[in-house]
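K.L.:
Encoded as structure tokens, here's the structure I'll be asking about.
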Amino acid sequence: MRLLALATAIALTTGAAQAADSAAEVQALDIAKRAIAFRSVAGPGNQTPELAAYLKSQLVAGGFKDSDVQVTPVDDTAYLIARYPGRNAAAKPLVISGHIDVVEAKPADWQRDPFTPVVENGYLYGRGATDMKLDAAIVIATLIDLKRQGYVPARDIILEFSGDEETAMKTSALIAEKLKNAELVINIDGGGGALDEKTGKPLYLTWQGAEKTYADFQLSVSNPGGHSSAPRKDNAIVQLSRALERIGAYQFTPELNELTRGYFTSAAKYEDAETGAAMRAFAANPADKTAIATLTANPSMVGQIGTTCVATMVSGGHALNALPQRATANINCRIFPGHQPAAIMAELQKVAAEPAVQFKDVSEGAVPNDASPLRPDFVAAVSTAMAPIYPGVPIFPGMSAGASDSMWFRYHHVPSYGASPVFIKGSDNFSHGLNERTPIANIAPALSYYRSLFTTLAK
């Protein structure tokens, strides 16, 4: 009888756990679909404040106190900060970071309306399905599930969603300033897994511990101009063109850090033979000219081997029959961690070698930031969380060539790590592009992963 009673108890407990997991999966997908339907795009009609209010309602319904979830309007957007109280209020909190705004999507260009969520053939379609409303929904469902289980962390867990990460990052900066006492930040808008193109099986997971600093430099030349029938050597357009030609041909010194060395070494075997060999050679010797040439020619790799600067806009002249009085151009740089924008701009001035060309830093919504340290507790927590889901899948660090909210936390010397568990094929990654979609098979394993990661790091 005792054995029967024990077996019955185990069966009931297992059934309850499975039902709870199923409920969390359903809730995650429902929240993601509802979130996609909000047109949270900067500009007229921005629905980010309404989306933030909706997410607050879900958190409160899931057990959060109303006073612990704050939605703060900023210009035409808003941000959300929710507190999951821990036992030790004096301990530095664990911050979970993300954003709820998305880039513009024009319905006429899509196969489906980008703001009408559709689940089809195992994919969730819609703007934000990949970047990053599905991740946000899974995290919310995870925290609600932990509340349902009665879990109390040792330290506070803070969930925050910025409202303009895709544009000015004003809310991102405000949030990081408020939460600069954090122990560390888990940015769910970074990292992720790769799926094999043929089999669909997980290949590897990368987490991001660094990103390049964004910078815009304006180049300008001014002179008196005059009649086009009387040309002079000091032509503003010609002078600017010479500077742009030299900058376009210039390559900053290739370099490595701990994160990128680890990435090149571990990810090389998943690339074609030539690229993989170049990655291994560069990791061993960042001055290897053959490796540099191969990686520089690869658009997916050139941003990983050092600072890049490229002309993105140009304007000049004011009339067809007049000498130009002014010519301007924008140089967009993605700066390798450890370098200051002022130093990069000074290097570009030397490369341009045109005294008449004036340089000005016109960057907005960006600050310099160094790589986060390789914290053993974080690395171990990611491995522990992933092990039961995809046993044996390689996990290694990486660096983002783009910008995220992690930049603002690192600016305040708070370690921040991109640690999304969402796996996707390279051919399915339409983030910021047309017909964005993500496999919904990610939901169940991601819930398990986040549950483990958060509870481990909140001890």
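Letters A, B, ... mark the chains of the structure tokens in the order given; residue numbers begin at 1 per chain; ligand numbers begin at 1, in order shown.
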Which polymer residues have any atom within 12 Å of an atom of Ala380 (chain A), counting only C-alpha atoms, with same-chain residues fewer than 2 positions away left out, as a list of chain:residue names?

P.N.:
A:Leu374, A:Arg375, A:Pro376, A:Asp377, A:Phe378, A:Val382, A:Ser383, A:Thr384, A:Ala385, A:Met386, A:Ala387, A:Ile395, A:Phe396, A:Ser452, A:Leu453, A:Thr456, A:Leu457

K.L.:
Limited to N, CA and C atoms, could you put the picked residues into a file as a PDB file, in the first residue's frame?

P.N.:
ATOM      1  N   LEU A 374      34.935  37.593 -17.865  1.00  0.00           N
ATOM      2  CA  LEU A 374      34.490  36.195 -17.990  1.00  0.00           C
ATOM      3  C   LEU A 374      34.193  35.658 -16.594  1.00  0.00           C
ATOM      4  N   ARG A 375      33.006  35.957 -16.087  1.00  0.00           N
ATOM      5  CA  ARG A 375      32.654  35.553 -14.724  1.00  0.00           C
ATOM      6  C   ARG A 375      32.351  34.062 -14.668  1.00  0.00           C
ATOM      7  N   PRO A 376      33.090  33.333 -13.846  1.00  0.00           N
ATOM      8  CA  PRO A 376      32.866  31.885 -13.754  1.00  0.00           C
ATOM      9  C   PRO A 376      31.458  31.516 -13.322  1.00  0.00           C
ATOM     10  N   ASP A 377      30.842  32.324 -12.433  1.00  0.00           N
ATOM     11  CA  ASP A 377      29.495  31.975 -11.965  1.00  0.00           C
ATOM     12  C   ASP A 377      28.489  32.072 -13.098  1.00  0.00           C
ATOM     13  N   PHE A 378      28.626  33.071 -13.950  1.00  0.00           N
ATOM     14  CA  PHE A 378      27.721  33.212 -15.085  1.00  0.00           C
ATOM     15  C   PHE A 378      27.934  32.081 -16.095  1.00  0.00           C
ATOM     16  N   VAL A 382      25.060  29.232 -17.174  1.00  0.00           N
ATOM     17  CA  VAL A 382      24.581  28.993 -18.533  1.00  0.00           C
ATOM     18  C   VAL A 382      24.753  27.520 -18.894  1.00  0.00           C
ATOM     19  N   SER A 383      25.902  26.962 -18.563  1.00  0.00           N
ATOM     20  CA  SER A 383      26.155  25.543 -18.866  1.00  0.00           C
ATOM     21  C   SER A 383      25.183  24.637 -18.122  1.00  0.00           C
ATOM     22  N   THR A 384      24.932  24.960 -16.841  1.00  0.00           N
ATOM     23  CA  THR A 384      24.002  24.171 -16.037  1.00  0.00           C
ATOM     24  C   THR A 384      22.586  24.244 -16.597  1.00  0.00           C
ATOM     25  N   ALA A 385      22.191  25.425 -17.042  1.00  0.00           N
ATOM     26  CA  ALA A 385      20.832  25.612 -17.570  1.00  0.00           C
ATOM     27  C   ALA A 385      20.639  24.907 -18.907  1.00  0.00           C
ATOM     28  N   MET A 386      21.690  24.851 -19.713  1.00  0.00           N
ATOM     29  CA  MET A 386      21.570  24.278 -21.051  1.00  0.00           C
ATOM     30  C   MET A 386      21.721  22.755 -21.051  1.00  0.00           C
ATOM     31  N   ALA A 387      22.470  22.218 -20.097  1.00  0.00           N
ATOM     32  CA  ALA A 387      22.826  20.791 -20.104  1.00  0.00           C
ATOM     33  C   ALA A 387      21.629  19.841 -20.216  1.00  0.00           C
ATOM     34  N   ILE A 395      29.066  25.413 -25.935  1.00  0.00           N
ATOM     35  CA  ILE A 395      28.707  26.760 -25.492  1.00  0.00           C
ATOM     36  C   ILE A 395      29.985  27.580 -25.465  1.00  0.00           C
ATOM     37  N   PHE A 396      29.980  28.733 -26.120  1.00  0.00           N
ATOM     38  CA  PHE A 396      31.180  29.567 -26.105  1.00  0.00           C
ATOM     39  C   PHE A 396      30.796  31.046 -26.228  1.00  0.00           C
ATOM     40  N   SER A 452      16.212  27.848 -14.702  1.00  0.00           N
ATOM     41  CA  SER A 452      17.472  27.428 -14.091  1.00  0.00           C
ATOM     42  C   SER A 452      18.445  28.591 -13.965  1.00  0.00           C
ATOM     43  N   LEU A 453      18.600  29.367 -15.036  1.00  0.00           N
ATOM     44  CA  LEU A 453      19.567  30.465 -15.035  1.00  0.00           C
ATOM     45  C   LEU A 453      19.252  31.505 -13.972  1.00  0.00           C
ATOM     46  N   THR A 456      19.636  30.140 -10.332  1.00  0.00           N
ATOM     47  CA  THR A 456      21.051  29.925  -9.989  1.00  0.00           C
ATOM     48  C   THR A 456      21.743  31.246  -9.688  1.00  0.00           C
ATOM     49  N   LEU A 457      21.529  32.251 -10.524  1.00  0.00           N
ATOM     50  CA  LEU A 457      22.232  33.516 -10.360  1.00  0.00           C
ATOM     51  C   LEU A 457      21.611  34.420  -9.310  1.00  0.00           C
TER      52      LEU A 457
END

K.L.:
Please list as a PyMOL selection string every residue within 6 Å of Leu184 (chain A), counting only C-alpha atoms and excluding residues in the same chain fewer than 2 positions away.

P.N.:
chain A and resi 94+182+414-416

K.L.:
Write out as a list of chain:residue names the residues lying within 12 Å of Ala293 (chain A), counting only C-alpha atoms and excluding same-chain residues fewer than 6 positions away.

P.N.:
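Surrounding residues, per the criterion: A:Gln251, A:Pro254, A:Glu274, A:Thr275, A:Ala278, A:Met279, A:Ala281, A:Phe282, A:Pro286, A:Ala287, A:Pro299, A:Met301, A:Val302, A:Ile305.
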
K.L.:
I'd like to know which of A:Asn285, A:Thr77, A:Ser406, A:Gln349 is closest to Asn369 (chain A), using only C-alpha atoms.

P.N.:
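Once distances to Asn369 (chain A) are computed over only C-alpha atoms, the minimum belongs to A:Ser406.
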
K.L.:
Extract, using only C-alpha atoms, all DNA, RNA and protein residues at most 9 Å from region 107-109 of chain A, discarding same-chain residues fewer than 3 positions from it, and format them as a list in words.

P.N.:
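Listing them by chain and then by number gives Arg112, Asp113, Pro114, Phe115, Leu434 and Asn435 of chain A.
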
K.L.:
Quick one: pick out all helix (DSSP H, G or I) residues within region 334-400 of chain A from a backbone DSSP run and write them as an MDAnalysis selection string.

P.N.:
chainID A and resid 341:352 376:386

K.L.:
With a distance cut-off of 12 Å and only C-alpha atoms, select the neighbouring residues of Ala105 (chain A), excluding the residue or stretch itself and same-chain residues fewer than 6 positions from it, and output the selection as a ChimeraX atom specification.

P.N.:
/A:36,39-42,111-116,126-128,430-436

K.L.:
Where does DSSP see strand (DSSP E or B) in region 90-261 of chain A, if you list the residues as a ChimeraX atom specification?

P.N.:
/A:94-99,118-120,123-125,157-162,184-187,192-195,202-211,213-222,226-227

K.L.:
Let's have the selection written as a short mmCIF file (atom, residue, chain, number, x, y, z; two decimals), in the first residue's frame, with N, CA and C atoms.

P.N.:
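Contents of part-v8.cif, freshly written:
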data_model
loop_
_atom_site.label_atom_id
_atom_site.label_comp_id
_atom_site.auth_asym_id
_atom_site.auth_seq_id
_atom_site.Cartn_x
_atom_site.Cartn_y
_atom_site.Cartn_z
N LEU A 94 19.79 40.95 -9.35
CA LEU A 94 20.01 40.36 -10.67
C LEU A 94 19.05 41.06 -11.62
N VAL A 95 19.57 41.64 -12.68
CA VAL A 95 18.73 42.37 -13.64
C VAL A 95 18.55 41.54 -14.91
N ILE A 96 17.31 41.43 -15.36
CA ILE A 96 16.99 40.81 -16.64
C ILE A 96 16.59 41.94 -17.59
N SER A 97 17.34 42.09 -18.67
CA SER A 97 17.18 43.25 -19.55
C SER A 97 16.65 42.85 -20.92
N GLY A 98 15.78 43.69 -21.47
CA GLY A 98 15.28 43.51 -22.82
C GLY A 98 14.67 44.79 -23.33
N HIS A 99 14.05 44.74 -24.49
CA HIS A 99 13.34 45.92 -25.01
C HIS A 99 12.06 45.47 -25.68
N VAL A 118 0.97 35.43 -36.55
CA VAL A 118 0.49 34.21 -37.18
C VAL A 118 1.40 33.05 -36.75
N VAL A 119 0.81 31.94 -36.34
CA VAL A 119 1.57 30.72 -36.08
C VAL A 119 1.27 29.76 -37.23
N GLU A 120 2.33 29.40 -37.94
CA GLU A 120 2.15 28.56 -39.12
C GLU A 120 3.40 27.71 -39.34
N TYR A 123 6.22 28.06 -36.88
CA TYR A 123 6.87 29.36 -36.71
C TYR A 123 5.88 30.39 -36.20
N LEU A 124 6.37 31.32 -35.40
CA LEU A 124 5.62 32.52 -35.03
C LEU A 124 6.10 33.63 -35.95
N TYR A 125 5.18 34.17 -36.75
CA TYR A 125 5.49 35.25 -37.68
C TYR A 125 5.05 36.59 -37.09
N ILE A 157 15.16 40.10 -8.06
CA ILE A 157 15.29 39.96 -9.51
C ILE A 157 14.54 41.14 -10.13
N ILE A 158 15.23 41.90 -10.95
CA ILE A 158 14.62 43.07 -11.59
C ILE A 158 14.46 42.79 -13.08
N LEU A 159 13.24 42.87 -13.55
CA LEU A 159 12.95 42.74 -14.98
C LEU A 159 12.74 44.14 -15.56
N GLU A 160 13.47 44.45 -16.62
CA GLU A 160 13.28 45.77 -17.23
C GLU A 160 13.21 45.66 -18.74
N PHE A 161 12.31 46.44 -19.33
CA PHE A 161 12.18 46.53 -20.77
C PHE A 161 12.30 47.98 -21.18
N SER A 162 13.30 48.30 -21.99
CA SER A 162 13.42 49.65 -22.52
C SER A 162 12.42 49.85 -23.66
N LEU A 184 24.76 41.82 -11.69
CA LEU A 184 25.03 41.56 -13.10
C LEU A 184 23.72 41.63 -13.87
N VAL A 185 23.85 41.70 -15.18
CA VAL A 185 22.68 41.84 -16.06
C VAL A 185 22.65 40.67 -17.04
N ILE A 186 21.48 40.05 -17.15
CA ILE A 186 21.23 39.05 -18.19
C ILE A 186 20.41 39.74 -19.28
N ASN A 187 21.04 39.98 -20.42
CA ASN A 187 20.36 40.64 -21.52
C ASN A 187 19.79 39.58 -22.45
N GLY A 192 22.42 33.41 -28.22
CA GLY A 192 21.45 32.53 -28.88
C GLY A 192 22.13 31.35 -29.52
N GLY A 193 21.32 30.45 -30.06
CA GLY A 193 21.84 29.21 -30.61
C GLY A 193 21.67 29.11 -32.11
N ALA A 194 22.52 28.29 -32.72
CA ALA A 194 22.46 28.04 -34.16
C ALA A 194 21.93 26.63 -34.41
N LEU A 195 21.05 26.50 -35.39
CA LEU A 195 20.52 25.21 -35.80
C LEU A 195 21.15 24.79 -37.12
N PRO A 202 20.37 21.44 -32.90
CA PRO A 202 21.23 22.50 -32.33
C PRO A 202 22.71 22.23 -32.59
N LEU A 203 23.40 23.26 -33.06
CA LEU A 203 24.84 23.15 -33.31
C LEU A 203 25.65 23.66 -32.13
N TYR A 204 25.31 24.88 -31.69
CA TYR A 204 26.04 25.50 -30.58
C TYR A 204 25.25 26.68 -30.04
N LEU A 205 25.63 27.12 -28.84
CA LEU A 205 25.04 28.30 -28.22
C LEU A 205 26.16 29.29 -27.93
N THR A 206 25.93 30.54 -28.27
CA THR A 206 26.89 31.59 -27.90
C THR A 206 26.24 32.56 -26.93
N TRP A 207 27.04 33.04 -25.99
CA TRP A 207 26.60 34.14 -25.14
C TRP A 207 27.51 35.33 -25.42
N GLN A 208 26.96 36.53 -25.30
CA GLN A 208 27.71 37.73 -25.65
C GLN A 208 28.21 38.45 -24.40
N GLY A 209 29.50 38.69 -24.37
CA GLY A 209 30.10 39.40 -23.24
C GLY A 209 30.66 40.75 -23.64
N ALA A 210 30.46 41.14 -24.89
CA ALA A 210 31.00 42.43 -25.36
C ALA A 210 30.25 42.85 -26.61
N GLU A 211 30.32 44.14 -26.89
CA GLU A 211 29.80 44.66 -28.15
C GLU A 211 30.62 45.87 -28.54
N THR A 213 31.48 49.65 -29.82
CA THR A 213 30.93 50.98 -29.56
C THR A 213 30.52 51.63 -30.88
N TYR A 214 29.31 52.16 -30.88
CA TYR A 214 28.76 52.84 -32.07
C TYR A 214 29.24 54.29 -32.09
N ALA A 215 29.62 54.78 -33.27
CA ALA A 215 30.00 56.20 -33.39
C ALA A 215 29.71 56.69 -34.80
N ASP A 216 29.27 57.95 -34.89
CA ASP A 216 29.10 58.65 -36.16
C ASP A 216 29.98 59.88 -36.17
N PHE A 217 30.78 60.02 -37.22
CA PHE A 217 31.65 61.18 -37.37
C PHE A 217 31.24 61.94 -38.63
N GLN A 218 31.00 63.23 -38.48
CA GLN A 218 30.64 64.06 -39.63
C GLN A 218 31.90 64.70 -40.20
N LEU A 219 32.10 64.55 -41.49
CA LEU A 219 33.20 65.18 -42.19
C LEU A 219 32.62 66.32 -43.03
N SER A 220 33.23 67.48 -42.97
CA SER A 220 32.70 68.62 -43.72
C SER A 220 33.83 69.48 -44.28
N VAL A 221 33.57 70.06 -45.45
CA VAL A 221 34.49 71.00 -46.09
C VAL A 221 33.67 72.21 -46.51
N SER A 222 34.16 73.39 -46.20
CA SER A 222 33.47 74.63 -46.59
C SER A 222 34.45 75.55 -47.29
N GLY A 226 31.58 79.79 -55.80
CA GLY A 226 31.76 80.68 -56.94
C GLY A 226 31.10 80.12 -58.18
N HIS A 227 31.38 80.75 -59.31
CA HIS A 227 30.77 80.35 -60.58
C HIS A 227 31.48 79.12 -61.12
#

K.L.:
Between A:Ser448, A:Thr48, A:Thr455, A:Asn321, single out the one closest to Ala24 (chain A), counting only C-alpha atoms.

P.N.:
A:Ser448

K.L.:
For Lys133 (chain A), list every protein, DNA or RNA residue within 7 Å, evaluated using only C-alpha atoms, and leave out those in the same chain fewer than 6 positions away; present the list as JSON, numbers by chain.

P.N.:
{"A": [32, 35, 36, 100]}

K.L.:
Report, in Å to a single decimal, how far apart CA of Ala267 (chain A) and CA of Met407 (chain A) are.

P.N.:
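For CA of Met407 (chain A) relative to CA of Ala267 (chain A), the distance reads 24.2 Å.
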
K.L.:
In Å, with one decimal, what is the gap from CA of Leu146 (chain A) to CA of Glu165 (chain A)?

P.N.:
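About the pair CA of Leu146 (chain A) and CA of Glu165 (chain A): they are 27.5 Å apart.
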
K.L.:
Taking 3 positions as the minimum chain separation for residues in the same chain, which residues sit within 7 Å of Glu25 (chain A) when counting only C-alpha atoms? Answer as an MDAnalysis selection string.

P.N.:
chainID A and resid 21:22 28:29 443:444

K.L.:
Since we have the selection now, will you write its residues out, keeping N, CA and C atoms, as a tab-separated table (two decimals), in the first residue's frame?

P.N.:
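Produced file selection_31.tsv, reproduced below:
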chain	number	residue	atom	x	y	z
A	21	ASP	N	3.99	23.32	-16.63
A	21	ASP	CA	4.86	23.62	-17.76
A	21	ASP	C	4.04	23.93	-19.00
A	22	SER	N	2.99	23.15	-19.22
A	22	SER	CA	2.13	23.38	-20.37
A	22	SER	C	1.45	24.73	-20.29
A	28	ALA	N	3.23	31.91	-22.56
A	28	ALA	CA	4.32	32.57	-23.27
A	28	ALA	C	3.94	32.88	-24.71
A	29	LEU	N	3.36	31.91	-25.39
A	29	LEU	CA	2.97	32.12	-26.79
A	29	LEU	C	1.86	33.15	-26.89
A	443	ILE	N	10.03	27.54	-27.21
A	443	ILE	CA	9.38	28.01	-25.98
A	443	ILE	C	9.62	27.09	-24.80
A	444	ALA	N	9.35	25.81	-24.94
A	444	ALA	CA	9.48	24.88	-23.81
A	444	ALA	C	10.91	24.81	-23.28
